[in-house]
Amino acid sequence: MVQPESDLEGCAREPIHIPGAIQPHGALFVLRPSDMTVIQASANASDLLGSSLTLGKGLTDLEPAVERIRGWYESGEPALQVAIPDRGLILIAHRSNGLIIVEVEEAEEATASGIFSGLRSFIERLAAQADTPGSLNETVRFVQELTGFDRVLAYRFDDAWNGQVVAEAGNGRLPSYLDLRFPASDIPAQARALYATNRVRLIPDASYEPVPLEPALNPETNQPLDLSAAQLRSVSPVHLEYMRNMGTAASMSISIMIDGNLWGLISCHSARPHKVSSTLRDLCDFVVQSLAMRIAAQERAAEASQRVDLSQVTGRLLASMSSRSDWVEGLAEARDDLLRQVGATGAAIMTDARCICLGSTPAEPQLQAIVHWLEQRGDAEEVFATASLSAQLPSATDFADTASGILAVRLSKLYPSWLIWVRPEVHRTVTWGGDPHKHVAENGRIHPRKSFDAWQEQVRLQALPWTAAEIAAARDLRAAIVGIVLRRAEELAELTS
Ligand code: BLA
């Protein structure tokens, strides 16, 4: 798979939470809570607020709004929205290091009734979906309808933070990205961390001029203002270049959070600049978090049902081992169930001086080499699983056709005794959104790739990954074997005493 080149690590060091500027589709000012004085503001603040805002003074003519902000600050509530209908504005306030950051945007006319009926039928359709792909398809369709973006994608991260487009809704104005993969470095680590807490970001026009904050350092803290939770935060220039290279003038992305982890994004694009009101952004967040709850429930149900199926297999294996005086023979006799236990194509029971191979496995000396390597690792874990053994044990390349993936359980702490399941290499072609290695370093700065055209890569030396339910089943079978071995030892001790 794609390894981020070392200069890409610089991307993850860019302090994107303190850009010292905002995007121009709104304004921002900072209040000192003790006296509600404006101590810092974006250079365009007076465009929206006129003479109501003067640096070093309180806000004039906006007393009711200031009172609400003061009350909210003392209440400890997380965030506040205050509408100022006579000026067609909306204020959005949040706390940052003991200060109050207020963002100002133009309010769009409310269309609450139409939105509500659309939302109700979306929730009904979502609840009727049997699986995650169905839920993702409904969501991208509804977000596209709500926001009018040209293309709305559901983007799912893998274990290495690469991602794949798994659902798409669009109007044909932008090319399809369905099924394409994108490398982890397209969304660096600090951006992913930020997106886990601030779930929605909008870039209405990737060619915008950033609006600086004045003064540049916050006078209260003498530090750059932390804009992590702000909606108008000016974004990384590398990413703006990325968007332009992609042919997208506007983007909005919404984090899909599952069990506290960033599972994926709903990513929206338009070929031309495109704005979405703060009400609609909140609604999209609600829609996407409803999706997240649905996916969490669907994934839990799928895993639970796989676990039930596999525990029945464990039960049959236990019965077979118990019916023989030698548990190894009992296990070997139930060959099909032993393979089915974790969905393997081969298995080897390596105990004492014995090596019993079932199904398709590497030759015995190669299995011995695997056991030797497992013992050398000195890992205290009882279960070891990998889909690509050769990435850790280079000699495994020689027998990738039988054992690219292994799932191994340690049966004894005292002797090198292991049960090892194997899976063969699966040749796959994956299609990336542009050659992921094609970053350009110019003038000491990294630039995103220029082309996002489909680019194919052959994946070698990889087996299908072991699922959480299969790994749990391996653990259960190990516990059953250890139980039988102990019971036999006790019976033997009783007989001889
Ligand atoms: C941010 N990169 C992002 C974001 C997305 C992507 C969604 C969040 C901002 C947004 O919503 O537009 C990437 N967008 C994608 C991908 C798809 C998509 C993968 O639609 C797939 C369909 N980017 C690079 C390189 C660097 C980089 C080489 O390609 C680093 C040098 C950085 N991307 C980068 C940074 C951010 C980012 C720093 C954060 C922008 C910010 O929030 O300030």
# chains A, B, ... in the order shown; residues from 1 in each chain; ligands from 1
>>> closest_atom_pairs(of="chain A", to="ligand 1", cutoff="7 Å", atoms="only C-alpha atoms and all ligand atoms", output="JSON lines")
{"residue": "A:Leu8", "atom": "CA", "partner": "ligand 1", "partner_atom_place_in_ligand_line": "31 (C)", "distance": 5.8}
{"residue": "A:Gly10", "atom": "CA", "partner": "ligand 1", "partner_atom_place_in_ligand_line": "31 (C)", "distance": 6.7}
{"residue": "A:Cys11", "atom": "CA", "partner": "ligand 1", "partner_atom_place_in_ligand_line": "31 (C)", "distance": 3.9}
{"residue": "A:Ala12", "atom": "CA", "partner": "ligand 1", "partner_atom_place_in_ligand_line": "38 (C)", "distance": 6.8}
{"residue": "A:Glu14", "atom": "CA", "partner": "ligand 1", "partner_atom_place_in_ligand_line": "38 (C)", "distance": 6.5}
{"residue": "A:Ile16", "atom": "CA", "partner": "ligand 1", "partner_atom_place_in_ligand_line": "43 (O)", "distance": 5.1}
{"residue": "A:Leu153", "atom": "CA", "partner": "ligand 1", "partner_atom_place_in_ligand_line": "22 (C)", "distance": 6.6}
{"residue": "A:Tyr155", "atom": "CA", "partner": "ligand 1", "partner_atom_place_in_ligand_line": "22 (C)", "distance": 6.3}
{"residue": "A:Gly163", "atom": "CA", "partner": "ligand 1", "partner_atom_place_in_ligand_line": "19 (C)", "distance": 6.8}
{"residue": "A:Val165", "atom": "CA", "partner": "ligand 1", "partner_atom_place_in_ligand_line": "22 (C)", "distance": 6.0}
{"residue": "A:Tyr177", "atom": "CA", "partner": "ligand 1", "partner_atom_place_in_ligand_line": "22 (C)", "distance": 6.5}
{"residue": "A:Phe182", "atom": "CA", "partner": "ligand 1", "partner_atom_place_in_ligand_line": "19 (C)", "distance": 5.0}
{"residue": "A:Pro183", "atom": "CA", "partner": "ligand 1", "partner_atom_place_in_ligand_line": "19 (C)", "distance": 6.9}
{"residue": "A:Ser185", "atom": "CA", "partner": "ligand 1", "partner_atom_place_in_ligand_line": "25 (C)", "distance": 5.7}
{"residue": "A:Asp186", "atom": "CA", "partner": "ligand 1", "partner_atom_place_in_ligand_line": "29 (O)", "distance": 3.9}
{"residue": "A:Ile187", "atom": "CA", "partner": "ligand 1", "partner_atom_place_in_ligand_line": "2 (N)", "distance": 4.2}
{"residue": "A:Pro188", "atom": "CA", "partner": "ligand 1", "partner_atom_place_in_ligand_line": "32 (C)", "distance": 5.7}
{"residue": "A:Ala191", "atom": "CA", "partner": "ligand 1", "partner_atom_place_in_ligand_line": "39 (C)", "distance": 4.9}
{"residue": "A:Arg201", "atom": "CA", "partner": "ligand 1", "partner_atom_place_in_ligand_line": "11 (O)", "distance": 5.7}
{"residue": "A:Leu202", "atom": "CA", "partner": "ligand 1", "partner_atom_place_in_ligand_line": "11 (O)", "distance": 6.4}
{"residue": "A:Ile203", "atom": "CA", "partner": "ligand 1", "partner_atom_place_in_ligand_line": "12 (O)", "distance": 6.6}
{"residue": "A:Ser234", "atom": "CA", "partner": "ligand 1", "partner_atom_place_in_ligand_line": "43 (O)", "distance": 6.6}
{"residue": "A:Val235", "atom": "CA", "partner": "ligand 1", "partner_atom_place_in_ligand_line": "43 (O)", "distance": 3.4}
{"residue": "A:Ser236", "atom": "CA", "partner": "ligand 1", "partner_atom_place_in_ligand_line": "43 (O)", "distance": 4.0}
{"residue": "A:Val238", "atom": "CA", "partner": "ligand 1", "partner_atom_place_in_ligand_line": "32 (C)", "distance": 5.5}
{"residue": "A:His239", "atom": "CA", "partner": "ligand 1", "partner_atom_place_in_ligand_line": "33 (N)", "distance": 4.5}
{"residue": "A:Tyr242", "atom": "CA", "partner": "ligand 1", "partner_atom_place_in_ligand_line": "29 (O)", "distance": 5.8}
{"residue": "A:Ser251", "atom": "CA", "partner": "ligand 1", "partner_atom_place_in_ligand_line": "12 (O)", "distance": 4.9}
{"residue": "A:Met252", "atom": "CA", "partner": "ligand 1", "partner_atom_place_in_ligand_line": "11 (O)", "distance": 4.6}
{"residue": "A:Ser253", "atom": "CA", "partner": "ligand 1", "partner_atom_place_in_ligand_line": "11 (O)", "distance": 4.0}
{"residue": "A:Ser267", "atom": "CA", "partner": "ligand 1", "partner_atom_place_in_ligand_line": "20 (O)", "distance": 5.1}
{"residue": "A:Cys268", "atom": "CA", "partner": "ligand 1", "partner_atom_place_in_ligand_line": "20 (O)", "distance": 6.8}
{"residue": "A:His439", "atom": "CA", "partner": "ligand 1", "partner_atom_place_in_ligand_line": "28 (C)", "distance": 6.0}
{"residue": "A:Ile446", "atom": "CA", "partner": "ligand 1", "partner_atom_place_in_ligand_line": "31 (C)", "distance": 5.3}
{"residue": "A:His447", "atom": "CA", "partner": "ligand 1", "partner_atom_place_in_ligand_line": "28 (C)", "distance": 5.7}
{"residue": "A:Pro448", "atom": "CA", "partner": "ligand 1", "partner_atom_place_in_ligand_line": "28 (C)", "distance": 4.3}
{"residue": "A:Arg449", "atom": "CA", "partner": "ligand 1", "partner_atom_place_in_ligand_line": "29 (O)", "distance": 6.6}
>>> write_last_selection(atoms="N, CA and C atoms", output="compact mmCIF listing (two decimals), in the first residue's frame")
# COMPACT_ATOMS: atom_id res chain seq x y z
N LEU A 8 6.04 14.33 3.26
CA LEU A 8 4.61 14.50 3.51
C LEU A 8 4.32 14.68 5.00
N GLY A 10 5.61 16.67 6.83
CA GLY A 10 5.53 18.12 7.05
C GLY A 10 4.08 18.60 7.00
N CYS A 11 3.26 17.95 6.15
CA CYS A 11 1.84 18.34 6.02
C CYS A 11 1.15 18.24 7.36
N ALA A 12 1.49 17.18 8.10
CA ALA A 12 0.81 16.96 9.38
C ALA A 12 1.29 17.92 10.45
N GLU A 14 1.63 21.27 9.83
CA GLU A 14 1.07 22.61 9.62
C GLU A 14 0.04 22.91 10.72
N ILE A 16 -2.89 24.07 11.50
CA ILE A 16 -4.08 24.57 10.79
C ILE A 16 -5.10 25.22 11.72
N LEU A 153 -20.25 12.72 -1.83
CA LEU A 153 -19.60 11.42 -1.71
C LEU A 153 -19.61 10.95 -0.26
N TYR A 155 -17.17 8.83 2.07
CA TYR A 155 -15.75 8.48 2.02
C TYR A 155 -15.43 7.71 3.28
N GLY A 163 -8.53 6.10 2.17
CA GLY A 163 -9.99 6.08 2.14
C GLY A 163 -10.52 5.67 0.80
N VAL A 165 -14.16 5.95 -1.80
CA VAL A 165 -15.50 6.51 -2.01
C VAL A 165 -16.48 5.34 -2.12
N TYR A 177 -16.46 9.75 -8.76
CA TYR A 177 -15.32 9.23 -7.99
C TYR A 177 -15.67 7.90 -7.32
N PHE A 182 -8.13 7.03 -2.02
CA PHE A 182 -7.30 8.23 -1.83
C PHE A 182 -6.35 7.94 -0.67
N PRO A 183 -5.07 8.38 -0.78
CA PRO A 183 -4.10 8.04 0.26
C PRO A 183 -4.31 8.85 1.54
N SER A 185 -2.38 10.63 3.18
CA SER A 185 -1.76 11.96 3.23
C SER A 185 -2.65 13.06 2.65
N ASP A 186 -3.75 12.71 1.96
CA ASP A 186 -4.66 13.74 1.44
C ASP A 186 -5.38 14.48 2.57
N ILE A 187 -5.53 13.80 3.70
CA ILE A 187 -6.16 14.43 4.87
C ILE A 187 -5.22 14.14 6.05
N PRO A 188 -4.23 15.02 6.30
CA PRO A 188 -3.21 14.70 7.30
C PRO A 188 -3.76 14.55 8.72
N ALA A 191 -5.49 17.34 10.72
CA ALA A 191 -6.81 17.70 10.17
C ALA A 191 -7.84 16.67 10.62
N ARG A 201 -17.19 21.45 7.94
CA ARG A 201 -16.41 22.58 7.40
C ARG A 201 -16.88 22.89 5.99
N LEU A 202 -16.93 24.21 5.75
CA LEU A 202 -17.42 24.68 4.46
C LEU A 202 -16.36 25.57 3.84
N ILE A 203 -16.06 25.33 2.57
CA ILE A 203 -15.18 26.22 1.81
C ILE A 203 -16.00 26.65 0.59
N SER A 234 -9.78 30.00 8.30
CA SER A 234 -9.15 29.96 6.99
C SER A 234 -8.40 28.63 6.87
N VAL A 235 -8.53 27.97 5.70
CA VAL A 235 -7.99 26.61 5.60
C VAL A 235 -6.61 26.59 4.96
N SER A 236 -5.96 25.42 5.07
CA SER A 236 -4.60 25.25 4.60
C SER A 236 -4.48 25.58 3.09
N VAL A 238 -2.39 24.42 1.05
CA VAL A 238 -2.14 23.18 0.29
C VAL A 238 -3.48 22.56 -0.11
N HIS A 239 -4.42 22.62 0.83
CA HIS A 239 -5.71 22.00 0.52
C HIS A 239 -6.48 22.81 -0.54
N TYR A 242 -5.22 21.76 -3.73
CA TYR A 242 -5.76 20.41 -3.99
C TYR A 242 -7.15 20.52 -4.61
N SER A 251 -16.34 23.23 -1.43
CA SER A 251 -16.46 21.93 -0.76
C SER A 251 -17.09 22.10 0.61
N MET A 252 -17.73 21.03 1.04
CA MET A 252 -18.18 20.96 2.43
C MET A 252 -17.97 19.52 2.85
N SER A 253 -17.42 19.30 4.04
CA SER A 253 -17.33 17.91 4.48
C SER A 253 -17.84 17.80 5.91
N SER A 267 -18.47 14.06 1.82
CA SER A 267 -17.70 15.12 1.19
C SER A 267 -18.48 15.65 -0.02
N CYS A 268 -18.72 16.97 -0.02
CA CYS A 268 -19.56 17.58 -1.06
C CYS A 268 -18.70 18.53 -1.90
N HIS A 439 3.29 13.65 -5.53
CA HIS A 439 3.28 14.97 -4.91
C HIS A 439 4.49 15.72 -5.45
N ILE A 446 5.46 21.26 -0.15
CA ILE A 446 4.87 20.14 -0.88
C ILE A 446 3.56 20.61 -1.55
N HIS A 447 3.36 20.17 -2.79
CA HIS A 447 2.14 20.52 -3.50
C HIS A 447 1.35 19.25 -3.80
N PRO A 448 0.02 19.34 -3.79
CA PRO A 448 -0.77 18.14 -4.09
C PRO A 448 -0.61 17.73 -5.54
N ARG A 449 -0.97 16.47 -5.83
CA ARG A 449 -0.87 16.00 -7.22
C ARG A 449 -1.79 16.82 -8.12
>>> residues_around(residues="Ile254 of chain A", least_positions_apart="2", cutoff="6 Å", atoms="only C-alpha atoms", output="ChimeraX atom specification")
/A:199-200,265-266
>>> select_by_dssp(residues="segment 79-267 of chain A", states="alpha helix (DSSP H)", output="PyMOL selection string")
chain A and resi 112-127+132-147+189-197+237-246
>>> write_last_selection(atoms="C-alpha atoms", output="PDB file, in the first residue's frame")
ATOM      1  CA  ALA A 112     -38.186  25.059   8.134  1.00  0.00           C
ATOM      2  CA  SER A 113     -41.514  23.467   7.174  1.00  0.00           C
ATOM      3  CA  GLY A 114     -40.307  22.031   3.843  1.00  0.00           C
ATOM      4  CA  ILE A 115     -37.093  20.825   5.429  1.00  0.00           C
ATOM      5  CA  PHE A 116     -38.954  19.105   8.258  1.00  0.00           C
ATOM      6  CA  SER A 117     -41.092  16.932   5.983  1.00  0.00           C
ATOM      7  CA  GLY A 118     -37.997  16.045   3.914  1.00  0.00           C
ATOM      8  CA  LEU A 119     -36.133  15.129   7.093  1.00  0.00           C
ATOM      9  CA  ARG A 120     -38.967  12.941   8.326  1.00  0.00           C
ATOM     10  CA  SER A 121     -39.111  10.915   5.130  1.00  0.00           C
ATOM     11  CA  PHE A 122     -35.289  10.634   5.100  1.00  0.00           C
ATOM     12  CA  ILE A 123     -35.288   9.206   8.646  1.00  0.00           C
ATOM     13  CA  GLU A 124     -37.962   6.696   7.590  1.00  0.00           C
ATOM     14  CA  ARG A 125     -35.957   5.628   4.532  1.00  0.00           C
ATOM     15  CA  LEU A 126     -32.778   5.373   6.624  1.00  0.00           C
ATOM     16  CA  ALA A 127     -34.512   3.158   9.186  1.00  0.00           C
ATOM     17  CA  THR A 132     -24.514   0.125   5.585  1.00  0.00           C
ATOM     18  CA  PRO A 133     -24.244   0.630   1.779  1.00  0.00           C
ATOM     19  CA  GLY A 134     -28.004   1.290   1.646  1.00  0.00           C
ATOM     20  CA  SER A 135     -27.770   3.814   4.512  1.00  0.00           C
ATOM     21  CA  LEU A 136     -24.853   5.612   2.834  1.00  0.00           C
ATOM     22  CA  ASN A 137     -26.719   5.826  -0.491  1.00  0.00           C
ATOM     23  CA  GLU A 138     -29.810   7.337   1.138  1.00  0.00           C
ATOM     24  CA  THR A 139     -27.660   9.881   2.970  1.00  0.00           C
ATOM     25  CA  VAL A 140     -25.631  11.115  -0.011  1.00  0.00           C
ATOM     26  CA  ARG A 141     -28.862  11.469  -2.003  1.00  0.00           C
ATOM     27  CA  PHE A 142     -30.547  13.480   0.766  1.00  0.00           C
ATOM     28  CA  VAL A 143     -27.527  15.724   1.443  1.00  0.00           C
ATOM     29  CA  GLN A 144     -27.281  16.450  -2.300  1.00  0.00           C
ATOM     30  CA  GLU A 145     -30.973  17.357  -2.401  1.00  0.00           C
ATOM     31  CA  LEU A 146     -30.679  19.574   0.720  1.00  0.00           C
ATOM     32  CA  THR A 147     -27.528  21.457  -0.278  1.00  0.00           C
ATOM     33  CA  ALA A 189      -3.360  13.582  10.939  1.00  0.00           C
ATOM     34  CA  GLN A 190      -3.888  17.015  12.544  1.00  0.00           C
ATOM     35  CA  ALA A 191      -6.814  17.698  10.169  1.00  0.00           C
ATOM     36  CA  ARG A 192      -8.400  14.346  11.040  1.00  0.00           C
ATOM     37  CA  ALA A 193      -7.975  15.109  14.762  1.00  0.00           C
ATOM     38  CA  LEU A 194      -9.627  18.499  14.285  1.00  0.00           C
ATOM     39  CA  TYR A 195     -12.491  17.002  12.258  1.00  0.00           C
ATOM     40  CA  ALA A 196     -13.285  14.586  15.112  1.00  0.00           C
ATOM     41  CA  THR A 197     -14.280  17.535  17.322  1.00  0.00           C
ATOM     42  CA  PRO A 237      -3.273  26.707   1.276  1.00  0.00           C
ATOM     43  CA  VAL A 238      -2.145  23.179   0.289  1.00  0.00           C
ATOM     44  CA  HIS A 239      -5.715  22.000   0.524  1.00  0.00           C
ATOM     45  CA  LEU A 240      -7.023  24.961  -1.509  1.00  0.00           C
ATOM     46  CA  GLU A 241      -4.549  24.031  -4.234  1.00  0.00           C
ATOM     47  CA  TYR A 242      -5.756  20.409  -3.987  1.00  0.00           C
ATOM     48  CA  MET A 243      -9.350  21.552  -4.522  1.00  0.00           C
ATOM     49  CA  ARG A 244      -8.413  23.661  -7.524  1.00  0.00           C
ATOM     50  CA  ASN A 245      -6.432  20.737  -9.014  1.00  0.00           C
ATOM     51  CA  MET A 246      -9.523  18.568  -8.506  1.00  0.00           C
TER      52      MET A 246
END
>>> select_by_dssp(residues="segment 357-419 of chain A", states="strand (DSSP E or B)", output="PyMOL selection string")
chain A and resi 357-359+383-386+405-410+418-419
>>> write_last_selection(atoms="C-alpha atoms", output="mmCIF file, in the first residue's frame")
data_model
loop_
_atom_site.group_PDB
_atom_site.id
_atom_site.type_symbol
_atom_site.label_atom_id
_atom_site.label_comp_id
_atom_site.auth_asym_id
_atom_site.auth_seq_id
_atom_site.Cartn_x
_atom_site.Cartn_y
_atom_site.Cartn_z
ATOM 1 C CA CYS A 357 -1.603 -29.898 8.580
ATOM 2 C CA LEU A 358 -5.152 -29.568 7.255
ATOM 3 C CA GLY A 359 -6.312 -27.989 3.982
ATOM 4 C CA VAL A 383 -3.535 -14.201 19.355
ATOM 5 C CA PHE A 384 -1.640 -12.823 16.372
ATOM 6 C CA ALA A 385 -3.312 -11.867 13.086
ATOM 7 C CA THR A 386 -1.999 -10.349 9.878
ATOM 8 C CA GLY A 405 -2.420 -14.069 5.937
ATOM 9 C CA ILE A 406 -2.038 -15.962 9.210
ATOM 10 C CA LEU A 407 -4.128 -16.092 12.362
ATOM 11 C CA ALA A 408 -2.126 -17.804 15.101
ATOM 12 C CA VAL A 409 -3.054 -18.678 18.683
ATOM 13 C CA ARG A 410 -0.521 -19.643 21.320
ATOM 14 C CA TRP A 418 0.553 -23.061 18.265
ATOM 15 C CA LEU A 419 -2.586 -23.394 16.208
#
>>> atom_distance(atom1="atom CA of Gly76 of chain A", atom2="atom CA of Ala107 of chain A")
25.3 Å
>>> atom_distance(atom1="atom CA of Ile100 of chain A", atom2="atom CA of Tyr73 of chain A")
7.9 Å
>>> decode(residues="segment 37-66 of chain A", atoms="N, CA and C atoms", output="JSON list (two decimals), in the first residue's frame")
[["chain", "number", "residue", "atom", "x", "y", "z"],
["A", 37, "THR", "N", -15.82, 43.50, 26.07],
["A", 37, "THR", "CA", -15.13, 44.39, 25.14],
["A", 37, "THR", "C", -14.61, 43.59, 23.95],
["A", 38, "VAL", "N", -14.68, 44.19, 22.74],
["A", 38, "VAL", "CA", -14.15, 43.53, 21.54],
["A", 38, "VAL", "C", -12.62, 43.72, 21.54],
["A", 39, "ILE", "N", -11.86, 42.62, 21.64],
["A", 39, "ILE", "CA", -10.41, 42.77, 21.73],
["A", 39, "ILE", "C", -9.68, 42.34, 20.45],
["A", 40, "GLN", "N", -10.38, 41.68, 19.55],
["A", 40, "GLN", "CA", -9.76, 41.25, 18.28],
["A", 40, "GLN", "C", -10.91, 41.02, 17.29],
["A", 41, "ALA", "N", -10.66, 41.35, 16.01],
["A", 41, "ALA", "CA", -11.75, 41.15, 15.03],
["A", 41, "ALA", "C", -11.15, 40.93, 13.66],
["A", 42, "SER", "N", -11.90, 40.29, 12.78],
["A", 42, "SER", "CA", -11.43, 40.12, 11.40],
["A", 42, "SER", "C", -11.52, 41.47, 10.70],
["A", 43, "ALA", "N", -10.64, 41.68, 9.74],
["A", 43, "ALA", "CA", -10.55, 43.00, 9.08],
["A", 43, "ALA", "C", -11.85, 43.40, 8.38],
["A", 44, "ASN", "N", -12.75, 42.41, 8.11],
["A", 44, "ASN", "CA", -14.00, 42.73, 7.41],
["A", 44, "ASN", "C", -15.18, 42.89, 8.37],
["A", 45, "ALA", "N", -14.92, 42.92, 9.71],
["A", 45, "ALA", "CA", -16.04, 42.89, 10.66],
["A", 45, "ALA", "C", -17.00, 44.05, 10.46],
["A", 46, "SER", "N", -16.45, 45.25, 10.15],
["A", 46, "SER", "CA", -17.36, 46.39, 10.02],
["A", 46, "SER", "C", -18.21, 46.30, 8.75],
["A", 47, "ASP", "N", -17.78, 45.48, 7.75],
["A", 47, "ASP", "CA", -18.61, 45.31, 6.55],
["A", 47, "ASP", "C", -19.98, 44.74, 6.94],
["A", 48, "LEU", "N", -19.98, 43.82, 7.93],
["A", 48, "LEU", "CA", -21.24, 43.19, 8.31],
["A", 48, "LEU", "C", -21.90, 43.92, 9.48],
["A", 49, "LEU", "N", -21.08, 44.49, 10.37],
["A", 49, "LEU", "CA", -21.65, 45.05, 11.61],
["A", 49, "LEU", "C", -21.63, 46.57, 11.64],
["A", 50, "GLY", "N", -21.05, 47.20, 10.63],
["A", 50, "GLY", "CA", -21.03, 48.66, 10.54],
["A", 50, "GLY", "C", -20.41, 49.28, 11.78],
["A", 51, "SER", "N", -21.02, 50.37, 12.25],
["A", 51, "SER", "CA", -20.42, 51.10, 13.37],
["A", 51, "SER", "C", -20.72, 50.43, 14.72],
["A", 52, "SER", "N", -21.46, 49.30, 14.69],
["A", 52, "SER", "CA", -21.75, 48.62, 15.96],
["A", 52, "SER", "C", -20.48, 48.06, 16.59],
["A", 53, "LEU", "N", -19.45, 47.87, 15.76],
["A", 53, "LEU", "CA", -18.26, 47.20, 16.27],
["A", 53, "LEU", "C", -17.04, 48.12, 16.22],
["A", 54, "THR", "N", -16.42, 48.36, 17.38],
["A", 54, "THR", "CA", -15.17, 49.12, 17.43],
["A", 54, "THR", "C", -14.21, 48.36, 18.34],
["A", 55, "LEU", "N", -13.00, 48.14, 17.84],
["A", 55, "LEU", "CA", -11.99, 47.44, 18.65],
["A", 55, "LEU", "C", -11.76, 48.19, 19.95],
["A", 56, "GLY", "N", -11.64, 47.48, 21.06],
["A", 56, "GLY", "CA", -11.36, 48.11, 22.35],
["A", 56, "GLY", "C", -12.61, 48.64, 23.04],
["A", 57, "LYS", "N", -13.78, 48.49, 22.39],
["A", 57, "LYS", "CA", -15.04, 48.96, 23.00],
["A", 57, "LYS", "C", -16.06, 47.82, 23.02],
["A", 58, "GLY", "N", -17.18, 48.05, 23.67],
["A", 58, "GLY", "CA", -18.28, 47.09, 23.63],
["A", 58, "GLY", "C", -19.03, 47.25, 22.32],
["A", 59, "LEU", "N", -19.96, 46.32, 22.03],
["A", 59, "LEU", "CA", -20.76, 46.44, 20.80],
["A", 59, "LEU", "C", -21.89, 47.44, 21.07],
["A", 60, "THR", "N", -22.12, 48.36, 20.14],
["A", 60, "THR", "CA", -23.23, 49.29, 20.34],
["A", 60, "THR", "C", -24.43, 48.85, 19.49],
["A", 61, "ASP", "N", -25.61, 49.23, 19.90],
["A", 61, "ASP", "CA", -26.89, 48.94, 19.22],
["A", 61, "ASP", "C", -27.21, 47.44, 19.16],
["A", 62, "LEU", "N", -26.47, 46.62, 19.86],
["A", 62, "LEU", "CA", -26.73, 45.18, 19.79],
["A", 62, "LEU", "C", -26.90, 44.62, 21.21],
["A", 63, "GLU", "N", -27.42, 45.48, 22.11],
["A", 63, "GLU", "CA", -27.47, 45.08, 23.53],
["A", 63, "GLU", "C", -28.19, 43.74, 23.77],
["A", 64, "PRO", "N", -29.38, 43.51, 23.14],
["A", 64, "PRO", "CA", -30.06, 42.24, 23.45],
["A", 64, "PRO", "C", -29.17, 41.03, 23.10],
["A", 65, "ALA", "N", -28.46, 41.12, 21.96],
["A", 65, "ALA", "CA", -27.59, 40.01, 21.56],
["A", 65, "ALA", "C", -26.44, 39.85, 22.56],
["A", 66, "VAL", "N", -25.86, 40.99, 22.98],
["A", 66, "VAL", "CA", -24.74, 40.93, 23.94],
["A", 66, "VAL", "C", -25.22, 40.31, 25.26]]
